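Note: the block below is final-v1.cif and it holds mmCIF, C-alpha atoms.
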```cif
data_protein
#
loop_
_atom_site.label_atom_id
_atom_site.label_comp_id
_atom_site.auth_asym_id
_atom_site.auth_seq_id
_atom_site.Cartn_x
_atom_site.Cartn_y
_atom_site.Cartn_z
CA MET W 1 -46.29 152.92 -142.03
CA SER W 2 -43.87 155.67 -143.06
CA GLN W 3 -45.00 159.14 -144.02
CA ARG W 4 -44.21 160.10 -147.58
CA THR W 5 -42.97 163.60 -148.25
CA ARG W 6 -45.44 165.67 -150.20
CA PRO W 7 -43.97 168.30 -152.51
CA SER W 8 -45.06 171.88 -151.94
CA PHE W 9 -47.28 173.59 -154.50
CA GLU W 10 -44.41 175.98 -155.15
CA ALA W 11 -42.11 173.08 -156.05
CA ILE W 12 -44.79 171.48 -158.23
CA TYR W 13 -45.47 174.63 -160.23
CA LEU W 14 -41.81 175.51 -160.65
CA GLN W 15 -41.24 171.96 -161.88
CA LEU W 16 -44.17 172.41 -164.31
CA ALA W 17 -42.51 175.61 -165.58
CA GLN W 18 -39.29 173.62 -166.03
CA THR W 19 -41.17 170.93 -167.98
CA LEU W 20 -42.83 173.57 -170.17
CA ALA W 21 -39.38 175.04 -170.91
CA ASN W 22 -38.61 171.79 -172.72
CA ARG W 23 -41.04 172.93 -175.45
CA SER W 24 -38.96 176.05 -176.08
CA THR W 25 -37.48 176.38 -179.56
CA CYS W 26 -34.91 179.00 -178.53
CA HIS W 27 -31.35 177.79 -179.13
CA ARG W 28 -29.76 179.80 -176.30
CA LEU W 29 -32.08 179.51 -173.30
CA GLN W 30 -35.21 177.49 -172.58
CA VAL W 31 -37.61 179.21 -170.18
CA GLY W 32 -41.06 178.23 -168.87
CA THR W 33 -43.73 180.17 -166.96
CA VAL W 34 -46.82 179.14 -164.99
CA ILE W 35 -49.39 181.59 -163.61
CA THR W 36 -51.64 180.29 -160.81
CA SER W 37 -54.28 181.49 -158.41
CA THR W 38 -52.98 182.41 -154.95
CA ASP W 39 -54.59 179.32 -153.40
CA TYR W 40 -52.73 177.19 -156.00
CA ARG W 41 -55.97 175.50 -157.06
CA LYS W 42 -56.01 176.88 -160.60
CA VAL W 43 -53.45 177.19 -163.35
CA LEU W 44 -54.44 180.43 -165.06
CA ALA W 45 -51.92 180.34 -167.92
CA VAL W 46 -48.67 178.83 -169.11
CA GLY W 47 -45.97 179.92 -171.53
CA TYR W 48 -42.54 179.09 -172.86
CA ASN W 49 -40.17 181.06 -175.05
CA GLY W 50 -40.13 180.63 -178.80
CA ASN W 51 -41.31 182.10 -182.06
CA ALA W 52 -44.88 183.27 -182.69
CA THR W 53 -47.53 180.68 -183.56
CA GLY W 54 -47.41 179.79 -187.24
CA LEU W 55 -43.82 180.94 -187.75
CA ALA W 56 -40.84 178.62 -188.02
CA ASN W 57 -40.03 176.82 -184.73
CA GLU W 58 -36.60 178.41 -184.53
CA CYS W 59 -34.90 181.64 -183.55
CA ASP W 60 -35.00 184.47 -186.11
CA ARG W 61 -31.34 185.32 -185.47
CA ALA W 62 -28.33 183.77 -183.74
CA GLU W 63 -27.56 186.97 -181.81
CA PRO W 64 -27.70 186.30 -178.03
CA GLY W 65 -30.34 188.45 -176.38
CA ASN W 66 -31.84 189.38 -179.75
CA CYS W 67 -32.90 186.04 -181.23
CA GLY W 68 -36.44 187.21 -181.92
CA CYS W 69 -38.18 184.71 -179.63
CA LEU W 70 -41.12 185.74 -177.52
CA HIS W 71 -40.30 185.35 -173.83
CA SER W 72 -42.10 182.73 -171.75
CA GLU W 73 -43.60 185.34 -169.41
CA GLU W 74 -44.84 187.26 -172.44
CA ASN W 75 -46.56 184.17 -173.82
CA ALA W 76 -48.08 183.36 -170.42
CA VAL W 77 -49.44 186.92 -170.10
CA ILE W 78 -50.91 186.66 -173.62
CA ASN W 79 -52.51 183.33 -172.66
CA CYS W 80 -53.91 184.58 -169.34
CA ASP W 81 -57.57 185.52 -169.63
CA SER W 82 -58.07 185.85 -165.88
CA PRO W 83 -59.44 189.27 -164.86
CA ARG W 84 -57.02 191.87 -163.49
CA GLN W 85 -58.68 191.80 -160.06
CA VAL W 86 -57.83 188.10 -159.56
CA GLU W 87 -54.66 187.73 -157.50
CA LYS W 88 -51.95 185.69 -159.19
CA ILE W 89 -48.66 183.95 -158.44
CA VAL W 90 -46.06 183.50 -161.18
CA PHE W 91 -43.50 180.69 -161.45
CA VAL W 92 -40.63 181.17 -163.92
CA THR W 93 -37.63 178.95 -164.51
CA HIS W 94 -35.41 182.06 -164.73
CA LEU W 95 -35.59 185.51 -163.14
CA PRO W 96 -37.62 187.69 -165.53
CA CYS W 97 -35.95 190.44 -167.52
CA THR W 98 -37.14 194.02 -166.90
CA ALA W 99 -39.46 194.02 -169.94
CA CYS W 100 -41.16 190.84 -168.72
CA ALA W 101 -41.33 192.21 -165.16
CA LYS W 102 -43.26 195.16 -166.59
CA ARG W 103 -45.56 192.78 -168.47
CA LEU W 104 -46.24 190.89 -165.23
CA ILE W 105 -46.94 194.18 -163.45
CA ASN W 106 -49.44 195.16 -166.15
CA LEU W 107 -51.13 191.74 -165.92
CA GLY W 108 -52.55 193.03 -162.67
CA ASN W 109 -52.61 191.67 -159.14
CA VAL W 110 -49.49 189.52 -159.33
CA THR W 111 -48.61 189.11 -155.65
CA LYS W 112 -45.46 187.01 -155.93
CA VAL W 113 -42.92 185.77 -158.48
CA TYR W 114 -40.98 182.58 -157.82
CA TYR W 115 -38.01 181.82 -160.05
CA GLY W 116 -35.43 179.06 -160.26
CA GLU W 117 -32.33 180.40 -162.01
CA GLU W 118 -30.68 183.81 -161.96
CA TYR W 119 -30.74 186.02 -165.06
CA ARG W 120 -27.62 187.98 -166.03
CA LEU W 121 -29.33 191.23 -164.94
CA ARG W 122 -31.23 191.63 -161.66
CA ASP W 123 -32.91 194.99 -162.31
CA SER W 124 -36.32 193.33 -162.43
CA VAL W 125 -36.18 192.44 -158.72
CA ASP W 126 -36.23 196.10 -157.65
CA LEU W 127 -38.85 196.89 -160.28
CA LEU W 128 -41.22 194.17 -159.05
CA LYS W 129 -40.64 195.02 -155.38
CA GLN W 130 -41.28 198.71 -156.14
CA VAL W 131 -44.92 197.86 -156.92
CA GLY W 132 -45.31 195.43 -154.02
CA ILE W 133 -44.67 192.14 -155.82
CA GLU W 134 -42.63 189.72 -153.73
CA VAL W 135 -39.78 187.90 -155.46
CA GLU W 136 -38.29 184.63 -154.23
CA ARG W 137 -35.76 182.22 -155.68
CA LEU W 138 -36.49 178.51 -155.34
CA GLU W 139 -34.12 175.70 -156.17
CA LEU W 140 -35.14 173.91 -159.35
CA ALA W 141 -35.63 170.18 -158.94
CA GLN W 142 -33.07 168.20 -160.88
CA PRO W 143 -34.65 165.82 -163.43
#
```
Mind converting the file's structure to structure tokens?
Amino acid sequence: MSQRTRPSFEAIYLQLAQTLANRSTCHRLQVGTVITSTDYRKVLAVGYNGNATGLANECDRAEPGNCGCLHSEENAVINCDSPRQVEKIVFVTHLPCTACAKRLINLGNVTKVYYGEEYRLRDSVDLLKQVGIEVERLELAQP
């Protein structure tokens, strides 16, 4: 009997973030985020980018980088009710921007951020590493 290859938890959660990104209503870029416990046994929160709940499911403006959508990391942080002292791992389809890196820092006890795609600016990597958060790029699974 042949051994089947089991996907890693990292691959599973990055793929979940990718699936969540499909719910995004942003016209320019669809991003998904998953926050888990460090033993990978609990999903603590999820998010994807788009307009605020109750508003039109579309961008406010067509201006790239200023469409008015909430970022996926921002929505995941808002949705995360896990206490600050609980260690967390974050999976994002794209490298977070600096504002979202700061939001993840303020979430408390984020130990690592995995991301799939590069963002046009990489300033967030140094910012996250400055406070001891590891950052690692993983290849996104192709659908």
Protein, DNA and RNA residues within 7 Å of (-38.9, 184.0, -158.0), all atoms listed in the file, as JSON, numbers by chain: {"W": [91, 92, 95, 113, 114, 115, 116, 135, 136, 137, 138]}
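The spacing separating atom CA of Gln85 of chain W from atom CA of Ala11 of chain W amounts to 25.3 Å.
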Selection result of the PyMOL selection byres ((chain W and resi 118-131) around 8) on this file, as a PyMOL selection string: chain W and resi 94-98+101-102+105+115-117+132-135
Keeping only C-alpha atoms, write the selected residues as a CSV table (one decimal), in the coordinates of the input.
```csv
chain,number,residue,atom,x,y,z
W,94,HIS,CA,-35.4,182.1,-164.7
W,95,LEU,CA,-35.6,185.5,-163.1
W,96,PRO,CA,-37.6,187.7,-165.5
W,97,CYS,CA,-36.0,190.4,-167.5
W,98,THR,CA,-37.1,194.0,-166.9
W,101,ALA,CA,-41.3,192.2,-165.2
W,102,LYS,CA,-43.3,195.2,-166.6
W,105,ILE,CA,-46.9,194.2,-163.4
W,115,TYR,CA,-38.0,181.8,-160.0
W,116,GLY,CA,-35.4,179.1,-160.3
W,117,GLU,CA,-32.3,180.4,-162.0
W,132,GLY,CA,-45.3,195.4,-154.0
W,133,ILE,CA,-44.7,192.1,-155.8
W,134,GLU,CA,-42.6,189.7,-153.7
W,135,VAL,CA,-39.8,187.9,-155.5
```
For segment 74-82 of chain W, work out the shell of residues within 8 Å, counting all atoms listed in the file and skipping chain neighbours fewer than 6 positions away, then give it as a compact mmCIF listing (two decimals) with C-alpha atoms, keeping the file's coordinate frame.
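What ended up in selection16.txt:
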```txt
# COMPACT_ATOMS: atom_id res chain seq x y z
CA THR W 33 -43.73 180.17 -166.96
CA VAL W 34 -46.82 179.14 -164.99
CA ILE W 35 -49.39 181.59 -163.61
CA LEU W 44 -54.44 180.43 -165.06
CA ALA W 45 -51.92 180.34 -167.92
CA VAL W 46 -48.67 178.83 -169.11
CA GLY W 47 -45.97 179.92 -171.53
CA TYR W 48 -42.54 179.09 -172.86
CA ASN W 49 -40.17 181.06 -175.05
CA CYS W 100 -41.16 190.84 -168.72
CA ARG W 103 -45.56 192.78 -168.47
CA LEU W 104 -46.24 190.89 -165.23
CA LEU W 107 -51.13 191.74 -165.92
```
Selection near Gln15 of chain W, 9 Å with all atoms listed in the file, sequence-local residues under 4 positions removed, as a ChimeraX atom specification: /W:10-11,19-20,93,140-141
Take the residues that were just selected and, keeping C-alpha atoms, output them as a PDB file, in the frame of the given file.
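Resulting contents of out.pdb:
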```pdb
ATOM      1  CA  GLU W  10     -44.410 175.980-155.150  1.00  0.00           C
ATOM      2  CA  ALA W  11     -42.110 173.080-156.050  1.00  0.00           C
ATOM      3  CA  THR W  19     -41.170 170.930-167.980  1.00  0.00           C
ATOM      4  CA  LEU W  20     -42.830 173.570-170.170  1.00  0.00           C
ATOM      5  CA  THR W  93     -37.630 178.950-164.510  1.00  0.00           C
ATOM      6  CA  LEU W 140     -35.140 173.910-159.350  1.00  0.00           C
ATOM      7  CA  ALA W 141     -35.630 170.180-158.940  1.00  0.00           C
TER       8      ALA W 141
END
```
Tell me which residues the PyMOL selection byres ((chain W and resi 67) around 10) grabs here, as a short mmCIF file (atom, residue, chain, number, x, y, z; two decimals) with C-alpha atoms, in the frame of the given file.
```
data_model
loop_
_atom_site.label_atom_id
_atom_site.label_comp_id
_atom_site.auth_asym_id
_atom_site.auth_seq_id
_atom_site.Cartn_x
_atom_site.Cartn_y
_atom_site.Cartn_z
CA CYS W 26 -34.91 179.00 -178.53
CA HIS W 27 -31.35 177.79 -179.13
CA ARG W 28 -29.76 179.80 -176.30
CA GLY W 50 -40.13 180.63 -178.80
CA ASN W 51 -41.31 182.10 -182.06
CA GLU W 58 -36.60 178.41 -184.53
CA CYS W 59 -34.90 181.64 -183.55
CA ASP W 60 -35.00 184.47 -186.11
CA ARG W 61 -31.34 185.32 -185.47
CA ALA W 62 -28.33 183.77 -183.74
CA GLU W 63 -27.56 186.97 -181.81
CA PRO W 64 -27.70 186.30 -178.03
CA GLY W 65 -30.34 188.45 -176.38
CA ASN W 66 -31.84 189.38 -179.75
CA GLY W 68 -36.44 187.21 -181.92
CA CYS W 69 -38.18 184.71 -179.63
CA LEU W 70 -41.12 185.74 -177.52
#
```
